[in-house]
Every structure is written in structure tokens, then in C-alpha cells.
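Inspection log for the structure reproduced underneath, given as C-alpha cells.
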Amino acid sequence: MSTRLLRALCALALATGGCVARDALPPSASVSMKSQVDRAFEHIGGERFAALGGRDGAGITIAVIDSGFDVRHPAIKGRARWMLDHRALARGAHAALEARFGGAVWDAAALSAALERERSAGVTVALPEDPVGHGTFVASVAAGASSEHAFEGIAPGAALVLARVGSAEGIADEAIITALDFAIDRAGDGPLVVVLAAGSVLGAHDGSAPIERAIAERFAGHPRRVLVVAAGNEGGARSHRRAYVRRDQGAVAIGVSLRGGAAGARSFSLVHEGALDVALEGPSGERTRWVALSEHPGAQLGAFRVGIDRTIAPPTSADLGRSLREGVAARTAIVTIERDRAQPATAFRVLLRGDATVDLYAPAEVADLEGGDDSGTLVVPATADGAVVVNAIVTREQWTGVDGSLRFEPIAQRWDGVARFASLGPDRLHRARPDLSAPGGWVLGARSAQCDPDAPGSLCARGRLTSSSLTVAAAGTSVAAPVAAGAIARLWSTDAALTPDALVARLTAGSERWSPSLGWGAIDLARALTASDRAPTRCTITATREQVVAGEPVTFALRAMSARGAIEGAPTLQVSTSVGARSSTHAMAGGRGLVTVRTDVAHTNSTLLVRATVGEGVACEASVRVRSMYDQAERRYAGCSVTTPHRRASPWIAAMVCALLSAGRGRRRRCSARS
């Protein structure tokens with residue numbers, strides 16, 4: 001089996017439904033489409049930006065990596081300068097490029113000639129297609145343009161490079177890396193913005209995945225390349241849980257509520273720092289043996305086959321119990337539960353013992369984690385160095401449906417306007433991600449004519465269609481990513497001297513502090529034109545987590561601002577702490593920086609105050625509570641789950657109470673006691 005990191009396109013996989021075949025789309029249809037993205041364009045200040053002389057993305061290359069593209073669609077017809085189709089055989093027209101990158105390579109002239117042949121001769125040419133509709137939508141929002149149908153994406157003046165890799169089921173790491181290299185090669189020395197609107201919650205969430213290391217090598221610190229990545233759609237669910245396991249404190253039990261569904265494998269990841277043994281307990285109380293994560297066991301729990309595999313890729317049923325990837329850091333494991341038939345929602349428990357800090361990550365569509373939340377649920381590769389991570393805000397809740405009636409589809413929002421489905425930062429190392437936010441629900445864009453209603457993740461569901469046969473509504477952070485990419489291209493086109501860090505700082509100049517949902521702020525193109533200065537007049541500093549465990553590092557996101565908004569350059573920075581903890585700072589860029597403070601056990605139950613001084617005496621401070629690692633730690637004793645929310649509370653007393661309750665209810669019953 002190939003080494004694959006499953007990347008569910010659009011991450012939320014919108015409901016499937018009917019779609020209109022390409023034959024039903026007359027090429028001469030007179031449909032006004034310019035207004036389809038006006039809500040997003042208006043919300044990011046695009047109209048004011050254009051009125052102030054901002055450019056349309058000319059001179060910038062936008063590359064889109066996705067599972068397919070409808071090159072016949074008016075929004076992207078004639079727009080692609082280059083296209084790599086990994087799902088087709090080599091054409092031979094660009095033999096050197098095809099030998100280097102694989103698949104078929106098309107240039108603009110070849111695509112135009114094929115489309116003209118279809119038009120004039122009435123024949124169908126084997127062109128790249130998009131049965132899912134995702135890539136067509138993303139490309140149209142980022143840089144779509146059509147004079148025939150008056151359609152414009154965010155940056156219609158940018159040049160498009162398209163890379164069709166993978167399928168609706170996923171994209172292999174190797175294919176993404178090849179597509180990145182193709183985009184870099186075709187852009188040459190010119191400014192390049194790449195959109196990667198795909199990801200997986202499985203992984204270490206610290207930049208160590210092979211795909212993330214490849215991204216860092218190609219984009220981190222590069223002055224002419226920007227990679228825009230969707231934050232993920234794991235919000236609003238109990239997808240992440242951190243546990244502190246100590247051998248002298250007993251084993252930890254974490255409930256995993258596996259969602260009902262058809263037969264097949266379901267996977268979640270377990271990331272650990274330290275020595276760890278794992279066991280799984282089934283719904284009827286049966287349990288696997290304890291195993292160290294250096295082993296790769298498979299076991300049967302009733303109707304369920306389970307495997308624990310130290311790998312980043314979820315194993316198939318044939319691969320349960322053996323490693324799929326060599327050289328993967330030992331801290332990442334995949335737990336796979338395979339059902340041999342359709343099953344209702346089922347409760348499992350993951351049992352942990354040893355000396356380790358453990359993070360569990362479960363895809364929202366797979367399971368809920370007991371005691372978990374949606375913090376730190378950014379998908380891989382959104383935790384890579386060198387990526388600009390984008391979250392989704394809600395800007396539209398209605399549109400005219402396919403039957404001409406007004407459709408109203410509200411999206412749950414957080415207090416700051418970020419969609420409830422959007423993943424939250426920071427990453428597992430407490431670094432400040434996401435970077436910024438853009439409209440991602442609902443946005444209207446191009447609908448592929450080949451869109452298959454039965455394809456996984458298809459965008460052509462009946463409920464998402466519009467009164468135009470050429471457009472569809474979609475929501476997700478993979479919708480926000482092309483909006484952000486288009487905004488970056490417009491600003492970069494207007495001021496070619498800006499670095500990637502300065503671009504993010506300018507685009508978020510209207511916001512004052514970082515947050516786990518908005519990142520450094522929502523995009524404001526108009527303010528970005530006039531928001532630059534060198535002298536800071538104020539600053540803010542924000543802890544990336546509300547609490548920190550003694551002995552762990554805590555990271556603070558620092559922002560320096562001027563009277564006009566963003567800061568250029570790197571002002572001087574001094575940091576002091578209230579408890580004498582050691583601190584280190586990352587170099588400031590675009591007026592933004594990170595301050596990392598290392599705590600120790602002596603700081604337990606104290607308040608850590610961090611004060612930063614930027615430039616000539618501009619100061620700001622923030623505090624965070626330091627707690628014991630045993631606060632809220634679950635411990636398992638003879639069939640009981642025990643929670644001790646206070647460090648001084650005796651776990652043994654709670655365990656005795658729990659054991660007595662268990663005895664009264666039968667040996668197979670479990671209970672929870674709190675002290």
C-alpha cells in the first residue's frame with residue numbers, strides 16, 4: 001500500500017445531492033455571475049481597496065492543489081497557464097516536465113486548442129474534469145474571471161496554475177509535494193501564492209509530519225512564496241483531549257464514543273511525549289492486553305477489530321497491526337477500530353499508563369472524546385512552519401435557490417463571527433495558529449459540470465445549488481482559504497516589496513490581538529493599503545492557552561501596532577516574568593512575535609505574569625494560571641474512573657468511594673467519583 005495521509009477535501013464534506021450534467025449547461029447562457037462572490041469581496045474591503053487604487057492580482061501566480069478542475073467552466077476557462085493532471089497519462093507535449101512531475105502537463109495554448117476543437121468540431125476531448133466540484137470552486141473563488149459571464153473571483157488578474165492530484169478519498173503526501181514543486185517551478189522567480197484547502201486531524205500537530213516538513217523547506221522564510229492552508233473543520237466537537245499520565249498515579253481511562261455507521265475502519269491519533277503503554281476496552285468490558293507503543297498489535301473485541309499502529313497514515317483493514325511508514329517519530333500512533341458490519345454509536349475506552357503527556361485527536365465525523373473540546377484542532381498541514389493558516393467567518397446565510405426561492409441556511413457562529421465548525425488553535429506546541437480569517441460561510445462560486453452527487457464530499461447537493469446553473473454555495477475553511485489567497489495576491493500585486501509576514505500583518509491591521517479562532521484578525525484589504533508605520537505606539541500580548549500545566553512551556557502572542565495599524569520591521573523587544581521563569585522570544589516580523597516561557601513545578605498554583613516592552617517604552621502584559629498536572633486528571637482503579645480536580649485532594653479516597661459504588665452496582669458496572 002502507498003504511504004498516504006488521508007486528506008478529506010473541504011474537511012466538512014458537504015452533503016451529497018443531485019447535480020446538472022454538463023450537457024444541460026448551454027455555453028451561450030446569459031447569466032450574471034459577478035455578484036456571486038460580492039459578499040465575500042465586500043466583506044474583506046475589496047471594493048474600497050479597488051477604489052483606492054489597489055490592483056487585481058496582476059503579476060502574481062496563484063496555484064491551486066486539489067482533486068480536479070472543470071476547465072470548461074467559464075470562471076476558469078482560459079485562465080490556467082499551466083496544469084498538472086496526476087490522474088492522466090503523459091501527453092508527450094512537455095516530456096521533460098512529465099518525466100519530472102508525472103502525469104499529464106498542459107499549457108494554456110494546449111488547453112485553449114482542445115476547447116476550440118470541442119466547439120468547432122463538436123467532439124469531446126479528454127480534458128481534466130472535477131466530479132467532486134471542490135477544485136473548480138476553490139480556483140474560481142481565488143482567481144476566477146469570465147468576460148462572457150461577468151464572473152470575477154477575488155483576484156481575477158492573477159495567473160492560475162492548477163494541479164489535479166489524488167481523488168475525493170484523499171491525496172497522498174507525495175502527490176502534494178510534487179504539486180508544490182510543479183507550482184514553484186512554473187512560477188519561476190515571480191511571487192507565488194499556493195492554496196491547499198485539504199487536511200486531516202490525524203497527526204502530531206507540531207509540524208513534524210513529512211508533508212509539513214516539506215512545506216517548511218519550501219516556504220518558511222522564503223520572500224516570494226506564500227502557502228495558504230485551511231485551518232480545518234473540526235470545531236464544535238469534542239475532537240481533542242490532553243491527558244497527563246504518571247505511573248505512580250495509576251492508569252488513565254478516556255472514553256471514546258464512536259459514531260454509528262457502516263462497516264469499515266475508523267481511526268484517531270494518539271500523540272505522546274514519554275513512555276506509554278496503551279490498551280483498549282470494548283463496549284462489553286472486554287480489553288486488549290497492555291502494549292508499549294513500540295509494538296503494533298491487532299486484537300478482536302467482540303464485533304470490532306482494533307489496531308494500534310505507530311504511523312501517521314490510517315491503516316486499512318489488511319494493514320491492521322503493522323507499520324505503514326518507516327521513520328515516523330515514535331510520539332505518534334494511530335488507533336484503528338474496524339467494524340465488520342454496520343453498528344450504532346458505540347462506547348470504547350482508551351487506557352493509558354506510564355509517564356507521558358498524551359494528546360488524542362479524533363475526526364469530528366468519527367468519534368467524540370470524553371472530556372475533550374475543540375481547542376487545538378487545527379488539521380495537518382495547518383501546523384506546518386511556513387503556512388498561512390486561514391479560518392472561516394460567516395458572511396452570508398441566504399441565497400436564491402435553484403427553484404428561484406430564497407434559501408436560508410444559518411451557520412452557528414462564535415462570539416467573534418467565526419463559524420462554529422472551524423478548527424481552533426493553537427497547535428500542540430502552543431504556537432499561535434491560525435494566522436487570519438476570511439469569509440467561509442456561505443460563499444458562492446463555480447460549480448463543476450461533472451459534479452457527481454454520489455461522490456464523497458461532493459459540492460453539488462441539491463440544497464447547495466443556486467438559481468444559476470453555473471454556481472453553488474459552500475461553507476468551510478477550505479472556502480475561506482481561496483478568499484485569503486486572492487486577498488494576498490491583490491495586496492502583493494499592489495506592493496511587490498512586501499514580505500509574507502508583512503502581508504499578513506497588513507491584512508489584519510484592523511485587529512489588535514491574536515485569538516484561537518480569528519488568528520491575528522479578519523482580512524481588511526482597504527486598511528492594508530494605508531496601515532504601515534515603523535514606530536509602535538501600543539502593543540498587546542495574549543497567552544495562547546487559558547491555563548498551563550507546571551513544567552510545560554506557555555506561549556504568548558505579541559502584537560505591536562502603530563497609530564495607523566501595522567508595524568513594519570522588527571522593533572526591539574524585552575520580556576520579564578513575575579516568577580522568574582525562563583523566557584525566549586521568536587524574532588518579530590510584521591510587528592508580530594511569540595514569547596515562550598518555560599514553567600516548572602515551583603510555579604504550581606501561581607499566576608504567571610509576562611510583561612513585554614516594545615520599541616521605546618511601549619509596554620503590555622498578560623497573565624496565565626499555572627496549575628498542577630494532576631488537576632482534572634482521571635485515574636482508573638479496579639474498574640473506576642476517578643477525577644481529582646484539586647491537587648491536594650486524595651485520589652485514594654475518591655477511588656475507595658468509586659469502588660464501593662461499583663461493588664453496589666455489580667462488578668461489570670463503572671462509575672466516576674469526584675473529590
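Identifiers in this document derive from the order of the C-alpha cells: chains are assigned A, B, ..., residues are numbered from 1 separately in each chain, and ligands are numbered from 1 in order of occurrence.
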Which polymer residues have any atom within 10 Å of an atom of Leu436 in chain A, counting only C-alpha atoms, with same-chain residues fewer than 2 positions away left out, as an MDAnalysis selection string?
chainID A and resid 231 388:392 433:434 438 480:481 484 504:505 507:508 511 514:515 517:523
Can you pull out the residues contacting Phe268 in chain A? Cut-off 9 Å, using only C-alpha atoms, and skip same-chain residues under 5 positions away; I want them as a list of chain:residue names.
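Listing them by chain and then by number gives A:Val201, A:Leu202, A:Gly203, A:Pro314, A:Ala333, A:Ile334, A:Val335, A:Thr336, A:Ile337, A:Leu360, A:Tyr361, A:Ala362, A:Pro363, A:Val366, A:Ala367.
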Please identify all polymer residues within 10 Å of Leu111 in chain A, counting only C-alpha atoms, omitting same-chain residues fewer than 5 positions from it, and present them as an MDAnalysis selection string.
chainID A and resid 71:72 77:83 106 116:117 127:128
With N, CA and C atoms kept, could you save the residues just selected as a PDB file, in the first residue's frame?
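Output saved as out.pdb:
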```pdb
ATOM      1  N   VAL A  71     -12.171  22.556 -16.526  1.00  0.00           N
ATOM      2  CA  VAL A  71     -11.521  23.608 -17.303  1.00  0.00           C
ATOM      3  C   VAL A  71     -12.451  24.191 -18.366  1.00  0.00           C
ATOM      4  N   ARG A  72     -13.651  23.612 -18.519  1.00  0.00           N
ATOM      5  CA  ARG A  72     -14.644  24.168 -19.442  1.00  0.00           C
ATOM      6  C   ARG A  72     -15.497  25.247 -18.783  1.00  0.00           C
ATOM      7  N   LYS A  77     -12.134  28.884 -17.512  1.00  0.00           N
ATOM      8  CA  LYS A  77     -11.810  28.608 -18.915  1.00  0.00           C
ATOM      9  C   LYS A  77     -10.842  29.669 -19.435  1.00  0.00           C
ATOM     10  N   GLY A  78      -9.721  29.235 -19.950  1.00  0.00           N
ATOM     11  CA  GLY A  78      -8.727  30.158 -20.467  1.00  0.00           C
ATOM     12  C   GLY A  78      -7.887  30.847 -19.415  1.00  0.00           C
ATOM     13  N   ARG A  79      -8.064  30.490 -18.149  1.00  0.00           N
ATOM     14  CA  ARG A  79      -7.350  31.162 -17.063  1.00  0.00           C
ATOM     15  C   ARG A  79      -6.060  30.427 -16.667  1.00  0.00           C
ATOM     16  N   ALA A  80      -6.016  29.123 -16.873  1.00  0.00           N
ATOM     17  CA  ALA A  80      -4.875  28.332 -16.403  1.00  0.00           C
ATOM     18  C   ALA A  80      -3.700  28.447 -17.369  1.00  0.00           C
ATOM     19  N   ARG A  81      -2.583  28.936 -16.882  1.00  0.00           N
ATOM     20  CA  ARG A  81      -1.372  28.975 -17.707  1.00  0.00           C
ATOM     21  C   ARG A  81      -0.704  27.616 -17.780  1.00  0.00           C
ATOM     22  N   TRP A  82      -0.786  26.891 -16.678  1.00  0.00           N
ATOM     23  CA  TRP A  82      -0.220  25.542 -16.624  1.00  0.00           C
ATOM     24  C   TRP A  82      -1.135  24.660 -15.791  1.00  0.00           C
ATOM     25  N   MET A  83      -1.151  23.379 -16.138  1.00  0.00           N
ATOM     26  CA  MET A  83      -1.930  22.426 -15.358  1.00  0.00           C
ATOM     27  C   MET A  83      -1.222  21.086 -15.327  1.00  0.00           C
ATOM     28  N   TRP A 106      -0.349  20.270 -19.163  1.00  0.00           N
ATOM     29  CA  TRP A 106      -0.997  21.112 -20.163  1.00  0.00           C
ATOM     30  C   TRP A 106      -0.497  22.540 -19.988  1.00  0.00           C
ATOM     31  N   GLU A 116     -11.280  24.754 -28.236  1.00  0.00           N
ATOM     32  CA  GLU A 116     -11.712  25.232 -29.551  1.00  0.00           C
ATOM     33  C   GLU A 116     -12.097  24.071 -30.446  1.00  0.00           C
ATOM     34  N   ARG A 117     -11.374  22.970 -30.329  1.00  0.00           N
ATOM     35  CA  ARG A 117     -11.714  21.783 -31.122  1.00  0.00           C
ATOM     36  C   ARG A 117     -13.082  21.251 -30.718  1.00  0.00           C
ATOM     37  N   LEU A 127     -10.334  15.986 -21.456  1.00  0.00           N
ATOM     38  CA  LEU A 127      -9.759  17.067 -20.664  1.00  0.00           C
ATOM     39  C   LEU A 127      -9.885  16.752 -19.181  1.00  0.00           C
ATOM     40  N   PRO A 128      -9.078  17.387 -18.355  1.00  0.00           N
ATOM     41  CA  PRO A 128      -9.235  17.208 -16.908  1.00  0.00           C
ATOM     42  C   PRO A 128     -10.651  17.574 -16.464  1.00  0.00           C
TER      43      PRO A 128
END
```
Let me make sure I understand: among A:Val618, A:Leu406, A:Ala220, A:Ala419, which one has the smallest atom-to-atom distance to Pro500 in chain A if we use only C-alpha atoms?
A:Ala220
In terms of only C-alpha atoms, the residue from A:Leu196, A:Leu97, A:Ala612, A:Ala63 at minimal distance from Ala382 in chain A is A:Leu196
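Among A:Arg339, A:Arg611, A:Arg91, A:Arg527, the residue with the shortest atom-to-atom distance to Arg266 in chain A, counting only C-alpha atoms, is A:Arg339.
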Enumerate the residues of range 461-615 of chain A with a DSSP assignment of strand (DSSP E or B), computed from the backbone, and present them as a ChimeraX atom specification.
/A:465,471-474,515,519,522,532-533,538-543,547-549,553-562,565-567,573-577,582-585,589,592-598,606-614
Quick one: everything within 10 Å of Asn233 in chain A, counting only C-alpha atoms, minus sequence neighbours fewer than 6 positions away in the same chain. Send it as a short mmCIF file (atom, residue, chain, number, x, y, z; two decimals) with N, CA and C atoms, in the first residue's frame.
```
data_model
loop_
_atom_site.label_atom_id
_atom_site.label_comp_id
_atom_site.auth_asym_id
_atom_site.auth_seq_id
_atom_site.Cartn_x
_atom_site.Cartn_y
_atom_site.Cartn_z
N CYS A 10 -12.15 19.68 1.67
CA CYS A 10 -13.09 20.62 2.29
C CYS A 10 -13.33 20.27 3.74
N ALA A 11 -12.79 19.11 4.19
CA ALA A 11 -12.84 18.65 5.57
C ALA A 11 -14.24 18.42 6.08
N LEU A 12 -15.22 19.29 5.81
CA LEU A 12 -16.57 19.07 6.31
C LEU A 12 -17.39 18.19 5.39
N ALA A 13 -16.96 17.95 4.11
CA ALA A 13 -17.66 17.07 3.18
C ALA A 13 -19.15 17.36 3.13
N GLY A 199 -6.90 18.74 4.49
CA GLY A 199 -6.16 18.43 5.71
C GLY A 199 -6.76 17.25 6.44
N SER A 200 -6.08 16.81 7.46
CA SER A 200 -6.52 15.69 8.28
C SER A 200 -6.21 15.99 9.74
N VAL A 201 -7.11 15.61 10.64
CA VAL A 201 -6.87 15.82 12.06
C VAL A 201 -5.90 14.77 12.61
N PRO A 363 -11.20 12.69 14.39
CA PRO A 363 -12.01 13.44 13.42
C PRO A 363 -13.44 13.58 13.92
N ALA A 364 -14.01 14.75 13.72
CA ALA A 364 -15.35 15.03 14.25
C ALA A 364 -16.37 14.03 13.75
N ASP A 374 -12.82 21.43 21.39
CA ASP A 374 -12.32 21.69 20.03
C ASP A 374 -11.11 22.61 20.03
N THR A 377 -7.44 22.00 17.47
CA THR A 377 -7.88 21.01 16.49
C THR A 377 -7.51 21.38 15.05
N LEU A 378 -6.55 22.27 14.87
CA LEU A 378 -6.08 22.57 13.52
C LEU A 378 -5.62 21.29 12.83
N VAL A 379 -5.95 21.17 11.55
CA VAL A 379 -5.60 19.95 10.84
C VAL A 379 -4.15 20.00 10.37
N ASN A 391 -8.87 30.71 8.92
CA ASN A 391 -10.13 30.25 9.49
C ASN A 391 -11.30 30.92 8.78
N ALA A 392 -12.52 30.45 9.07
CA ALA A 392 -13.70 30.88 8.33
C ALA A 392 -14.63 31.72 9.21
N ALA A 419 -17.10 30.78 12.24
CA ALA A 419 -18.04 29.67 12.17
C ALA A 419 -17.75 28.64 13.25
N ARG A 420 -18.81 28.09 13.83
CA ARG A 420 -18.65 27.11 14.89
C ARG A 420 -17.92 25.86 14.40
N PHE A 421 -18.05 25.54 13.11
CA PHE A 421 -17.39 24.34 12.59
C PHE A 421 -15.89 24.52 12.44
N ALA A 422 -15.38 25.74 12.51
CA ALA A 422 -13.97 26.00 12.23
C ALA A 422 -13.08 25.48 13.36
N SER A 423 -11.95 24.89 12.99
CA SER A 423 -10.99 24.41 13.98
C SER A 423 -10.37 25.58 14.74
N LEU A 424 -9.92 25.30 15.96
CA LEU A 424 -9.31 26.32 16.80
C LEU A 424 -7.83 26.05 17.02
N ALA A 475 -19.54 26.08 2.29
CA ALA A 475 -19.04 26.62 3.55
C ALA A 475 -17.92 25.74 4.05
N GLY A 476 -16.93 26.34 4.68
CA GLY A 476 -15.81 25.60 5.23
C GLY A 476 -14.56 26.44 5.25
N THR A 477 -13.57 26.00 5.99
CA THR A 477 -12.31 26.74 5.97
C THR A 477 -11.61 26.59 4.63
N SER A 478 -11.95 25.54 3.87
CA SER A 478 -11.39 25.41 2.53
C SER A 478 -12.07 26.36 1.55
#
```
Going by DSSP on the backbone, which residues of range 348-549 of chain A come out as alpha helix (DSSP H)? List them as a PyMOL selection string.
chain A and resi 477-494+500-507+525-528
Between CA of Leu491 in chain A and CA of Ala109 in chain A lies a distance of 28.7 Å
